[in-house]
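*Asks:* work02.cif (mmCIF, C-alpha atoms and all ligand atoms) pasted underneath:
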```cif
data_protein
loop_
_atom_site.label_atom_id
_atom_site.label_comp_id
_atom_site.auth_asym_id
_atom_site.auth_seq_id
_atom_site.Cartn_x
_atom_site.Cartn_y
_atom_site.Cartn_z
CA MET A 23 -17.23 -34.04 1.57
CA LYS A 24 -14.73 -35.48 -0.80
CA HIS A 25 -13.90 -34.12 -4.22
CA SER A 26 -11.87 -35.33 -7.10
CA ALA A 27 -9.11 -33.14 -8.52
CA VAL A 28 -11.59 -31.18 -10.63
CA ILE A 29 -13.55 -28.78 -8.46
CA PRO A 30 -16.73 -27.07 -9.65
CA VAL A 31 -16.03 -23.35 -9.50
CA LEU A 32 -19.20 -22.36 -7.70
CA ALA A 33 -18.89 -25.08 -5.09
CA ALA A 34 -15.34 -24.01 -4.29
CA ALA A 35 -16.39 -20.37 -4.15
CA ALA A 36 -19.28 -21.10 -1.83
CA ALA A 37 -17.10 -23.15 0.46
CA VAL A 38 -14.48 -20.41 0.72
CA LEU A 39 -17.05 -17.70 1.28
CA ALA A 40 -18.76 -19.73 3.98
CA ALA A 41 -15.50 -20.16 5.82
CA SER A 42 -13.79 -16.88 5.08
CA CYS A 43 -14.52 -15.21 8.42
CA GLY A 44 -12.46 -15.79 11.51
CA GLY A 45 -8.89 -16.84 11.86
CA GLU A 46 -9.27 -20.47 10.94
CA ARG A 47 -8.13 -22.00 7.72
CA PRO A 48 -11.05 -21.95 5.25
CA SER A 49 -12.42 -25.40 4.56
CA VAL A 50 -11.93 -25.43 0.82
CA PRO A 51 -12.77 -28.73 -0.76
CA ASP A 52 -9.92 -31.13 -0.46
CA GLY A 53 -7.43 -30.99 -3.26
CA ALA A 54 -4.79 -33.50 -4.07
CA ASN A 55 -1.99 -31.00 -4.36
CA ALA A 56 0.62 -29.95 -1.86
CA LEU A 57 3.26 -27.39 -2.61
CA SER A 58 6.45 -26.87 -0.67
CA LEU A 59 7.49 -23.32 -1.42
CA PHE A 60 10.93 -21.91 -0.71
CA ALA A 61 11.23 -18.11 -0.38
CA VAL A 62 14.65 -16.75 -1.25
CA ASP A 63 16.02 -13.22 -1.21
CA THR A 64 18.06 -12.76 -4.39
CA SER A 65 19.26 -9.21 -3.75
CA ASN A 66 22.61 -10.15 -2.21
CA ILE A 67 22.24 -6.87 -0.39
CA ARG A 68 24.52 -7.88 2.46
CA GLY A 69 27.04 -9.52 0.18
CA THR A 70 26.23 -12.97 1.55
CA GLY A 71 24.53 -14.38 -1.55
CA TRP A 72 20.96 -15.60 -1.80
CA GLU A 73 19.28 -16.09 1.56
CA ALA A 74 16.21 -17.95 2.75
CA VAL A 75 13.48 -15.56 3.91
CA ALA A 76 11.96 -16.49 7.24
CA GLU A 77 8.56 -15.16 8.34
CA ALA A 78 7.59 -13.98 4.88
CA THR A 79 3.85 -13.65 4.32
CA VAL A 80 2.81 -15.85 1.40
CA ARG A 81 -0.54 -15.10 -0.22
CA VAL A 82 -2.07 -17.62 -2.56
CA SER A 83 -5.02 -16.83 -4.82
CA SER A 84 -6.45 -18.16 -8.03
CA PRO A 85 -7.46 -16.10 -11.05
CA THR A 86 -9.86 -18.82 -12.22
CA PHE A 87 -11.81 -19.66 -9.09
CA GLN A 88 -12.36 -18.07 -5.71
CA PHE A 89 -9.47 -19.01 -3.51
CA PHE A 90 -7.40 -17.13 -1.02
CA GLU A 91 -5.07 -18.37 1.68
CA GLU A 92 -2.24 -16.87 3.65
CA TYR A 93 0.81 -18.70 4.90
CA GLU A 94 4.06 -17.79 6.59
CA THR A 95 7.48 -19.18 5.86
CA GLY A 96 9.29 -20.91 8.70
CA PRO A 97 12.80 -20.12 9.96
CA ASP A 98 14.31 -22.06 7.07
CA GLY A 99 12.33 -20.12 4.43
CA TRP A 100 9.84 -22.90 3.61
CA ALA A 101 6.06 -22.70 3.57
CA ILE A 102 3.95 -25.84 3.08
CA LEU A 103 0.80 -25.16 1.06
CA GLU A 104 -1.47 -28.18 1.47
CA ARG A 105 -4.76 -29.39 0.01
CA LEU A 106 -4.71 -27.14 -3.01
CA PRO A 107 -7.39 -27.93 -5.58
CA ALA A 108 -6.12 -28.31 -9.11
CA GLY A 109 -5.89 -24.97 -10.83
CA VAL A 110 -3.86 -21.90 -11.58
CA TYR A 111 -2.43 -19.96 -8.64
CA ARG A 112 -0.94 -16.56 -8.15
CA ILE A 113 1.50 -16.55 -5.30
CA SER A 114 3.01 -13.47 -3.72
CA ALA A 115 5.52 -13.26 -0.90
CA GLU A 116 6.19 -10.20 1.18
CA LYS A 117 8.55 -9.50 4.03
CA ILE A 118 8.38 -6.23 5.90
CA ASN A 119 11.32 -5.36 8.08
CA GLN A 120 9.93 -2.81 10.51
CA GLU A 121 13.23 -2.12 12.19
CA GLU A 122 14.81 -1.08 8.94
CA SER A 123 11.58 -0.08 7.17
CA TYR A 124 12.00 -1.92 3.92
CA VAL A 125 9.98 -4.39 1.92
CA ILE A 126 11.02 -7.31 -0.20
CA LEU A 127 8.56 -8.83 -2.59
CA GLY A 128 8.26 -11.74 -4.98
CA GLN A 129 5.52 -13.20 -7.09
CA LYS A 130 4.86 -16.04 -9.46
CA GLU A 131 2.07 -17.89 -11.21
CA LEU A 132 1.84 -21.64 -11.47
CA SER A 133 -0.55 -24.36 -12.49
CA LEU A 134 -1.19 -27.50 -10.44
CA VAL A 135 -3.00 -30.45 -11.99
CA TYR A 136 -2.00 -33.45 -9.93
CA GLU A 137 1.11 -32.93 -7.88
CA PRO A 138 0.88 -34.32 -4.36
CA ALA A 139 4.39 -33.16 -3.50
CA ALA A 140 5.37 -30.25 -5.71
CA VAL A 141 8.38 -28.14 -4.80
CA ASP A 142 8.94 -24.61 -6.03
CA THR A 143 10.88 -21.46 -5.26
CA ILE A 144 9.69 -17.87 -5.06
CA PHE A 145 12.39 -15.32 -5.79
CA MET A 146 12.18 -12.12 -3.78
CA ASN A 147 13.88 -8.77 -4.17
CA TYR A 148 13.63 -5.23 -2.88
CA GLN A 149 10.79 -3.04 -3.86
CA GLN A 150 11.97 -0.47 -6.34
CA SER A 151 9.45 2.28 -6.06
CA SER A 152 11.17 5.12 -7.93
CA PRO A 153 11.96 4.47 -11.58
CA LEU A 154 13.77 7.79 -11.48
CA ALA A 155 15.85 8.26 -8.36
CA ILE A 156 18.49 10.34 -6.66
CA ASN A 157 21.30 7.81 -6.80
CA GLU A 158 24.18 9.66 -5.18
CA ILE A 159 24.62 12.85 -3.19
CA TYR A 160 28.06 14.26 -2.58
CA TYR A 161 27.80 17.01 -0.01
CA ALA A 162 30.55 16.51 2.59
CA GLY A 163 33.24 18.71 1.07
CA CYS A 164 36.79 17.67 0.30
CA ASP A 165 39.30 19.88 2.11
CA TYR A 166 38.99 20.99 5.71
CA SER A 167 42.07 23.25 5.56
CA LYS A 168 40.33 25.41 2.95
CA PHE A 169 36.73 24.71 4.05
CA TYR A 170 36.24 23.62 0.47
CA PHE A 171 32.87 22.11 -0.44
CA TYR A 172 32.13 23.66 -3.83
CA ASP A 173 32.54 20.31 -5.58
CA GLN A 174 29.12 19.10 -4.41
CA PHE A 175 26.92 17.24 -6.87
CA ILE A 176 23.71 15.20 -7.19
CA GLU A 177 23.51 12.14 -9.41
CA LEU A 178 20.20 10.92 -10.88
CA TYR A 179 19.55 7.46 -12.29
CA ASN A 180 16.84 5.94 -14.47
CA SER A 181 16.27 2.36 -13.30
CA SER A 182 13.17 1.86 -15.45
CA SER A 183 13.08 0.36 -18.92
CA GLU A 184 11.70 3.54 -20.46
CA THR A 185 13.19 6.88 -21.42
CA ARG A 186 12.19 9.54 -18.90
CA TYR A 187 12.29 13.30 -19.32
CA LEU A 188 13.61 15.81 -16.82
CA ASP A 189 12.08 18.88 -18.48
CA GLY A 190 10.73 21.29 -15.89
CA HIS A 191 11.68 19.05 -12.97
CA PHE A 192 12.97 20.57 -9.75
CA LEU A 193 15.97 19.71 -7.66
CA VAL A 194 15.29 20.94 -4.16
CA ARG A 195 17.23 21.36 -0.98
CA THR A 196 14.91 21.46 1.99
CA THR A 197 15.12 23.43 5.19
CA GLN A 198 18.04 23.05 7.54
CA VAL A 199 16.03 24.07 10.60
CA ALA A 200 13.88 21.67 12.57
CA GLU A 201 10.32 22.53 13.58
CA VAL A 202 9.64 25.11 10.87
CA ILE A 203 6.77 22.78 10.05
CA ASP A 204 5.74 19.42 11.40
CA PRO A 205 6.65 17.37 8.33
CA GLU A 206 4.23 14.59 9.27
CA ALA A 207 1.30 17.00 9.51
CA GLU A 208 1.62 18.59 6.07
CA ASP A 209 1.08 17.35 2.55
CA TYR A 210 4.05 19.31 1.23
CA ALA A 211 7.78 19.39 1.88
CA LEU A 212 9.72 22.59 2.48
CA GLY A 213 11.98 23.69 -0.35
CA TYR A 214 14.62 26.31 0.31
CA TYR A 215 16.84 26.12 -2.74
CA VAL A 216 14.64 25.15 -5.67
CA PHE A 217 16.30 24.97 -9.09
CA ALA A 218 14.54 23.88 -12.27
CA PHE A 219 15.56 22.04 -15.40
CA PRO A 220 14.52 24.03 -18.50
CA GLY A 221 11.26 23.25 -20.25
CA GLU A 222 7.79 22.31 -19.11
CA SER A 223 7.20 19.12 -17.17
CA GLY A 224 5.17 16.56 -19.08
CA VAL A 225 4.96 18.84 -22.13
CA THR A 226 8.40 19.41 -23.64
CA ARG A 227 10.68 16.40 -24.10
CA ASP A 228 14.14 17.83 -24.61
CA ILE A 229 16.01 16.36 -21.60
CA PRO A 230 15.86 12.58 -21.85
CA ILE A 231 17.37 10.25 -19.27
CA GLU A 232 17.66 6.85 -20.86
CA PRO A 233 17.22 3.49 -19.06
CA GLY A 234 20.37 2.83 -17.07
CA GLU A 235 21.68 6.35 -17.57
CA PHE A 236 23.23 8.52 -14.86
CA VAL A 237 22.83 12.31 -14.95
CA VAL A 238 25.18 14.45 -12.87
CA VAL A 239 24.13 17.91 -11.67
CA ALA A 240 27.10 19.84 -10.27
CA CYS A 241 26.90 22.81 -8.02
CA ASP A 242 29.76 24.22 -10.15
CA ALA A 243 30.82 22.22 -13.20
CA ILE A 244 34.57 22.76 -13.04
CA ASP A 245 37.61 20.66 -12.25
CA HIS A 246 37.80 21.03 -8.47
CA SER A 247 40.68 18.57 -8.13
CA ARG A 248 43.17 21.42 -8.37
CA PHE A 249 41.88 22.75 -5.04
CA GLY A 250 42.56 19.62 -3.04
CA ALA A 251 43.66 16.03 -3.47
CA ARG A 252 40.20 14.65 -2.64
CA CYS A 253 38.20 17.26 -4.56
CA VAL A 254 36.15 16.09 -7.52
CA ASP A 255 36.61 16.91 -11.20
CA LEU A 256 33.13 18.02 -12.29
CA SER A 257 34.13 19.56 -15.63
CA GLY A 258 32.30 16.68 -17.31
CA ALA A 259 29.02 17.13 -15.41
CA ASP A 260 25.82 17.00 -17.45
CA TRP A 261 24.26 20.03 -15.73
CA GLU A 262 25.14 22.70 -13.20
CA PHE A 263 23.20 24.84 -10.78
CA PHE A 264 23.62 28.47 -11.75
CA ASN A 265 22.26 31.53 -10.01
CA SER A 266 22.74 34.61 -12.16
CA LEU A 267 21.67 36.83 -9.24
CA GLY A 268 24.69 35.85 -7.17
CA SER A 269 28.41 35.65 -7.75
CA ASP A 270 28.14 32.16 -9.19
CA TYR A 271 30.45 30.60 -11.76
CA ASP A 272 28.91 29.60 -15.09
CA ASN A 273 30.67 27.03 -17.23
CA PRO A 274 29.27 27.94 -20.66
CA ALA A 275 29.81 24.38 -21.92
CA VAL A 276 27.46 22.90 -19.32
CA PRO A 277 23.73 23.73 -19.36
CA ASN A 278 22.17 25.26 -16.27
CA LEU A 279 19.38 24.74 -13.78
CA TYR A 280 18.11 28.11 -12.57
CA PRO A 281 16.44 29.02 -9.26
CA ILE A 282 12.69 29.64 -9.26
CA SER A 283 12.94 32.16 -6.41
CA ASN A 284 14.93 35.38 -6.16
CA LEU A 285 17.33 34.12 -3.52
CA THR A 286 20.84 35.04 -4.60
CA ASN A 287 22.52 31.86 -3.33
CA ASP A 288 23.94 29.09 -5.45
CA PHE A 289 22.53 25.64 -4.75
CA SER A 290 24.54 24.22 -1.88
CA MET A 291 23.94 21.50 0.66
CA ASN A 292 24.69 21.30 4.36
CA LEU A 293 27.81 19.26 5.08
CA ALA A 294 26.08 17.10 7.69
CA HIS A 295 22.29 17.17 7.52
CA THR A 296 19.59 18.16 5.08
CA ALA A 297 17.29 16.56 2.52
CA VAL A 298 17.33 16.65 -1.27
CA LEU A 299 14.24 16.19 -3.41
CA LEU A 300 13.51 15.56 -7.04
CA SER A 301 10.02 16.78 -7.92
CA ASP A 302 8.25 16.79 -11.25
CA GLY A 303 7.79 20.55 -10.95
CA THR A 304 4.09 20.45 -11.82
CA ALA A 305 2.93 22.17 -8.63
CA TRP A 306 4.46 24.41 -5.97
CA GLU A 307 3.80 27.66 -4.15
CA PHE A 308 5.72 30.14 -2.07
CA GLY A 309 5.06 29.95 1.65
CA MET A 310 6.18 32.17 4.51
CA HIS A 311 7.20 30.13 7.54
CA TYR A 312 8.21 31.29 10.98
CA GLU A 313 11.70 30.41 12.14
CA ALA A 314 12.24 30.70 15.86
CA SER A 315 16.03 30.91 15.56
CA VAL A 316 15.80 34.21 13.68
CA ASP A 317 12.41 35.20 15.16
CA ASP A 318 11.12 36.04 11.72
CA PHE A 319 9.29 34.66 8.73
CA LYS A 320 11.32 33.22 5.93
CA GLU A 321 10.28 32.46 2.38
CA TYR A 322 10.15 28.81 1.39
CA VAL A 323 8.70 26.90 -1.51
CA ASN A 324 6.03 24.39 -0.56
CA ILE A 325 6.57 21.26 -2.67
CA PRO A 326 3.45 19.02 -2.70
CA LEU A 327 4.35 15.47 -1.71
CA ALA A 328 2.39 14.18 -4.70
CA THR A 329 4.92 15.85 -7.04
CA ILE A 330 7.98 14.35 -5.33
CA ILE A 331 9.59 11.62 -7.39
CA ASP A 332 12.33 10.91 -4.89
CA GLY A 333 13.63 12.37 -1.66
CA VAL A 334 16.66 11.57 0.43
CA GLU A 335 17.46 12.88 3.88
CA TYR A 336 21.01 12.57 5.12
CA SER A 337 22.41 13.18 8.55
CA SER A 338 25.71 12.33 10.17
CA ASN A 339 23.84 12.14 13.50
CA PRO A 340 21.20 9.38 13.50
CA ASP A 341 19.30 11.11 16.34
CA SER A 342 18.70 14.34 14.43
CA ASP A 343 15.24 15.86 14.13
CA ARG A 344 13.79 15.08 10.73
CA TYR A 345 13.23 17.71 8.04
CA LEU A 346 11.39 15.37 5.68
CA THR A 347 8.32 13.25 6.30
CA ILE A 348 8.86 9.54 6.68
CA ARG A 349 6.33 9.16 3.87
CA VAL A 350 9.15 10.20 1.54
CA ASP A 351 12.14 8.85 3.43
CA ALA A 352 12.03 6.85 6.64
CA GLY A 353 15.75 6.95 7.37
CA PHE A 354 19.00 8.86 7.01
CA ALA A 355 21.78 8.41 4.52
CA GLY A 356 25.33 9.22 5.58
CA VAL A 357 25.14 8.39 9.29
CA GLY A 358 28.58 8.86 10.82
CA MET A 359 30.06 10.67 7.86
CA ALA A 360 32.47 13.49 8.68
CA ARG A 361 32.57 16.96 7.14
CA TYR A 362 35.29 17.49 4.50
CA SER A 363 35.90 13.74 4.33
CA GLY A 364 35.68 13.67 0.52
CA ARG A 365 33.17 10.84 0.92
CA SER A 366 29.79 10.47 -0.65
CA VAL A 367 26.49 8.59 -0.19
CA GLN A 368 25.23 6.32 -2.96
CA ARG A 369 22.53 3.68 -3.30
CA ARG A 370 23.86 0.19 -2.68
CA PHE A 371 22.87 -0.63 -6.21
CA PRO A 372 21.35 1.69 -8.79
CA GLY A 373 17.61 2.03 -8.37
CA LEU A 374 17.41 0.36 -4.95
CA ASP A 375 14.70 2.36 -3.27
CA SER A 376 12.80 1.18 -0.22
CA ASN A 377 12.19 4.79 0.86
CA ASN A 378 14.55 4.25 3.77
CA SER A 379 17.89 5.88 3.08
CA SER A 380 19.50 4.28 6.11
CA PHE A 381 19.09 1.04 4.28
CA ASP A 382 19.32 2.09 0.64
CA PHE A 383 22.50 4.16 0.85
CA GLU A 384 26.10 3.43 1.73
CA ILE A 385 29.05 5.71 2.23
CA ILE A 386 31.56 5.52 -0.61
CA GLU A 387 34.99 6.95 -1.28
CA PRO A 388 35.81 8.49 -3.65
CA PRO A 389 32.59 9.97 -5.04
CA SER A 390 31.48 8.48 -8.37
CA PRO A 391 29.84 11.16 -10.56
CA GLY A 392 28.19 9.47 -13.52
CA TYR A 393 28.81 5.85 -12.60
CA GLN A 394 28.22 3.25 -9.88
CA CA A 401 26.74 27.00 -9.36
CA CA A 402 26.67 26.59 -17.20
CA CA A 403 27.65 7.46 -8.66
#
```
Any chance you could give the structure as structure tokens?
*Replies:*
Amino acid sequence: MKHSAVIPVLAAAAAVLAASCGGERPSVPDGANALSLFAVDTSNIRGTGWEAVAEATVRVSSPTFQFFEEYETGPDGWAILERLPAGVYRISAEKINQEESYVILGQKELSLVYEPAAVDTIFMNYQQSSPLAINEIYYAGCDYSKFYFYDQFIELYNSSSETRYLDGHFLVRTTQVAEVIDPEAEDYALGYYVFAFPGESGVTRDIPIEPGEFVVVACDAIDHSRFGARCVDLSGADWEFFNSLGSDYDNPAVPNLYPISNLTNDFSMNLAHTAVLLSDGTAWEFGMHYEASVDDFKEYVNIPLATIIDGVEYSSNPDSDRYLTIRVDAGFAGVGMARYSGRSVQRRFPGLDSNNSSFDFEIIEPPSPGYQ
């Protein structure tokens, strides 16, 4: 069966449907077009410039007639798409790195009329799944001689093109004990310190975070640099965690996040291993969970996974037991980082979020509150 460049829609559809089962290439009517497609990773994530993407899955479909084919790029990043009927095509490319648990994606649309040897490029980049993300966590502490770690902070970043609102959102530090729950078996994460921005999530709109804006939440918003050479000046922080039930310091010039429970502790983070969450604060409940180490039940806050906007687990030891489900974060930030090193973990570029912190984060020095 031989067709000209113009293919009747129904005939093409019938041919594809008839051949769509099994692993063989469907026998779509012959088209005159061939497309050599080059898949390139534009992220420059390893600092080596743009790179050809080998073994990317390339899916080709048409919005105007029934057509679907899958290809794979070769070791040099090229896929040869042959015998394409004339028409409009949507092309997507995807590369999943299972070792490092990240995804790069690219897509484009193009029209082929009569091009027996067309050449094109598909530009790929990392999936950015959180428009609002935890961009930096500084938890390590700055001075071993004084065991000083009160200059901890969390930095948020809006990588979307829209203003977002933090009203009523929670910043959460999870458990620091393994096996309180099986994180893969539950649809919530364990919150231990849970502090809330003022207002009501999705209702009030008083705490904007603009596109490209960083927001710094300090544990204590003071100039810590007078306590050690590596300690961080947080007097300019946007927010601070404040617990009026404890002996916490309150900088009156900096607005506060308050705890939702009656724990008396300030918000603080383990110097080597825990997880930090940003949730939208729309749902939560207290939950008593048994802790073998103290042989008693301890009060936590169950944070439904569906309310979690971003979560980052960090651990200096890459073999640690996980506190957070891999559905939120498949890796660890901060592997190898020492306590009191004055170093911090930050996304390799703002907004990079493959839900694998091993890949997304790098260790930086000094910490960078409010900037990248
Ligand atoms: Ca505080
Ligand atoms: Ca304050
Ligand atoms: Ca920063």
*Asks:* Please, which residues have at least one atom within 8 Å of an atom of ligand CA 402 (chain A), using only C-alpha atoms and all ligand atoms, listed as a PyMOL selection string?
*Replies:* chain A and resi 243+261-264+271-278
*Asks:* Looking at A:Gly303, A:Pro85, A:Gly109, A:Gly250, which one is nearest to Gly190 of chain A, with distances taken over only C-alpha atoms?
*Replies:*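 Going through A:Gly303, A:Pro85, A:Gly109, A:Gly250 one by one, the smallest distance to Gly190 of chain A is for A:Gly303.
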*Asks:* For the contact check between chain A and ligand CA 401 (chain A), emit one row per residue of chain A within 12 Å, containing the shortest atom pair and the distance in Å rounded to one decimal, counting only C-alpha atoms and all ligand atoms, chain then rising number order, as a tab-separated table.
*Replies:*
```
residue	atom	partner	partner_atom	distance
A:Phe171	CA	A:CA401	CA	11.9
A:Tyr172	CA	A:CA401	CA	8.4
A:Asp173	CA	A:CA401	CA	9.6
A:Gln174	CA	A:CA401	CA	9.6
A:Phe175	CA	A:CA401	CA	10.1
A:Tyr215	CA	A:CA401	CA	11.9
A:Phe217	CA	A:CA401	CA	10.6
A:Val239	CA	A:CA401	CA	9.7
A:Ala240	CA	A:CA401	CA	7.2
A:Cys241	CA	A:CA401	CA	4.4
A:Asp242	CA	A:CA401	CA	4.2
A:Ala243	CA	A:CA401	CA	7.4
A:Ile244	CA	A:CA401	CA	9.6
A:Leu256	CA	A:CA401	CA	11.4
A:Ala259	CA	A:CA401	CA	11.8
A:Trp261	CA	A:CA401	CA	9.8
A:Glu262	CA	A:CA401	CA	6.0
A:Phe263	CA	A:CA401	CA	4.4
A:Phe264	CA	A:CA401	CA	4.2
A:Asn265	CA	A:CA401	CA	6.4
A:Ser266	CA	A:CA401	CA	9.0
A:Leu267	CA	A:CA401	CA	11.1
A:Gly268	CA	A:CA401	CA	9.3
A:Ser269	CA	A:CA401	CA	9.0
A:Asp270	CA	A:CA401	CA	5.3
A:Tyr271	CA	A:CA401	CA	5.7
A:Asp272	CA	A:CA401	CA	6.7
A:Asn273	CA	A:CA401	CA	8.8
A:Pro274	CA	A:CA401	CA	11.6
A:Val276	CA	A:CA401	CA	10.8
A:Pro277	CA	A:CA401	CA	10.9
A:Asn278	CA	A:CA401	CA	8.5
A:Leu279	CA	A:CA401	CA	8.9
A:Tyr280	CA	A:CA401	CA	9.3
A:Pro281	CA	A:CA401	CA	10.5
A:Thr286	CA	A:CA401	CA	11.1
A:Asn287	CA	A:CA401	CA	8.8
A:Asp288	CA	A:CA401	CA	5.2
A:Phe289	CA	A:CA401	CA	6.4
A:Ser290	CA	A:CA401	CA	8.3
A:Met291	CA	A:CA401	CA	11.8
```
*Asks:* Please check which protein, DNA or RNA residues sit within 8 Å of ligand CA 403 (chain A), counting all atoms listed in the file, and write them as a ChimeraX atom specification.
*Replies:* /A:157-158,177,236,368,389-394
*Asks:* I need the residue nearest Ser366 of chain A from this list: A:Phe381, A:Tyr160, A:Trp306, A:Phe89. Use all atoms listed in the file for the distance.
*Replies:*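 Result for the nearest residue to Ser366 of chain A: A:Tyr160.
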*Asks:* Find the spatial neighbours of Gly234 of chain A, counting all atoms listed in the file, within a cut-off of 12 Å - ignore same-chain residues fewer than 3 positions away - and output them as a list in words.
*Replies:* Pro153, Leu154, Ala155, Asn157, Leu178, Tyr179, Asn180, Ser181, Ser182, Ser183, Glu184, Thr185, Arg186, Pro230, Ile231, Val237, Phe371, Pro372, Gly373, Gly392, Tyr393 and Gln394 of chain A
*Asks:* Near Asp382 of chain A, counting only C-alpha atoms, which residues have an atom at most 10 Å away, once you skip same-chain residues fewer than 2 positions from it, shown as an MDAnalysis selection string?
*Replies:* chainID A and resid 67 122 124 148 157 334 353:355 367:380 384
*Asks:* Nearest residue to Val141 of chain A out of A:Leu193, A:Ile159, A:Ile102, A:Leu212, using only C-alpha atoms?
*Replies:*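 Closest candidate: A:Ile102.
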*Asks:* Which one is closest to Tyr312 of chain A: A:Ala115, A:Tyr187, A:Val202, A:Glu77? Count all atoms listed in the file.
*Replies:* A:Val202
*Asks:* Start from the incomplete input, build N, CA, C and O atoms for segment 245-256 of chain A, and deliver everything as a PDB file, in the coordinates of the input.
*Replies:*
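result-v1.pdb, freshly written:
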```
ATOM      1  N   ASP A 245      36.686  21.644 -12.805  1.00  0.00           N
ATOM      2  CA  ASP A 245      37.610  20.660 -12.250  1.00  0.00           C
ATOM      3  C   ASP A 245      38.077  21.150 -10.884  1.00  0.00           C
ATOM      4  O   ASP A 245      38.946  22.013 -10.780  1.00  0.00           O
ATOM      5  N   HIS A 246      37.468  20.600  -9.835  1.00  0.00           N
ATOM      6  CA  HIS A 246      37.800  21.030  -8.470  1.00  0.00           C
ATOM      7  C   HIS A 246      39.053  20.338  -7.953  1.00  0.00           C
ATOM      8  O   HIS A 246      39.524  20.672  -6.864  1.00  0.00           O
ATOM      9  N   SER A 247      39.567  19.364  -8.681  1.00  0.00           N
ATOM     10  CA  SER A 247      40.680  18.570  -8.130  1.00  0.00           C
ATOM     11  C   SER A 247      41.929  19.417  -7.935  1.00  0.00           C
ATOM     12  O   SER A 247      42.816  19.049  -7.162  1.00  0.00           O
ATOM     13  N   ARG A 248      41.999  20.566  -8.583  1.00  0.00           N
ATOM     14  CA  ARG A 248      43.170  21.420  -8.370  1.00  0.00           C
ATOM     15  C   ARG A 248      43.113  22.153  -7.032  1.00  0.00           C
ATOM     16  O   ARG A 248      44.077  22.794  -6.627  1.00  0.00           O
ATOM     17  N   PHE A 249      41.988  22.068  -6.337  1.00  0.00           N
ATOM     18  CA  PHE A 249      41.880  22.750  -5.040  1.00  0.00           C
ATOM     19  C   PHE A 249      42.143  21.829  -3.859  1.00  0.00           C
ATOM     20  O   PHE A 249      42.165  22.275  -2.716  1.00  0.00           O
ATOM     21  N   GLY A 250      42.294  20.553  -4.130  1.00  0.00           N
ATOM     22  CA  GLY A 250      42.560  19.620  -3.040  1.00  0.00           C
ATOM     23  C   GLY A 250      42.624  18.209  -3.587  1.00  0.00           C
ATOM     24  O   GLY A 250      41.958  17.888  -4.575  1.00  0.00           O
ATOM     25  N   ALA A 251      43.414  17.376  -2.947  1.00  0.00           N
ATOM     26  CA  ALA A 251      43.660  16.030  -3.470  1.00  0.00           C
ATOM     27  C   ALA A 251      42.382  15.212  -3.566  1.00  0.00           C
ATOM     28  O   ALA A 251      42.240  14.377  -4.454  1.00  0.00           O
ATOM     29  N   ARG A 252      41.428  15.448  -2.637  1.00  0.00           N
ATOM     30  CA  ARG A 252      40.200  14.650  -2.640  1.00  0.00           C
ATOM     31  C   ARG A 252      39.071  15.299  -3.426  1.00  0.00           C
ATOM     32  O   ARG A 252      37.997  14.736  -3.559  1.00  0.00           O
ATOM     33  N   CYS A 253      39.303  16.528  -3.917  1.00  0.00           N
ATOM     34  CA  CYS A 253      38.200  17.260  -4.560  1.00  0.00           C
ATOM     35  C   CYS A 253      37.923  16.679  -5.949  1.00  0.00           C
ATOM     36  O   CYS A 253      38.786  16.086  -6.585  1.00  0.00           O
ATOM     37  N   VAL A 254      36.680  16.851  -6.387  1.00  0.00           N
ATOM     38  CA  VAL A 254      36.150  16.090  -7.520  1.00  0.00           C
ATOM     39  C   VAL A 254      36.194  16.912  -8.807  1.00  0.00           C
ATOM     40  O   VAL A 254      35.817  18.101  -8.821  1.00  0.00           O
ATOM     41  N   ASP A 255      36.643  16.284  -9.873  1.00  0.00           N
ATOM     42  CA  ASP A 255      36.610  16.910 -11.200  1.00  0.00           C
ATOM     43  C   ASP A 255      35.187  16.846 -11.737  1.00  0.00           C
ATOM     44  O   ASP A 255      34.687  15.767 -12.068  1.00  0.00           O
ATOM     45  N   LEU A 256      34.518  17.978 -11.798  1.00  0.00           N
ATOM     46  CA  LEU A 256      33.130  18.020 -12.290  1.00  0.00           C
ATOM     47  C   LEU A 256      33.032  18.759 -13.622  1.00  0.00           C
ATOM     48  O   LEU A 256      31.946  19.204 -14.017  1.00  0.00           O
TER      49      LEU A 256
END
```
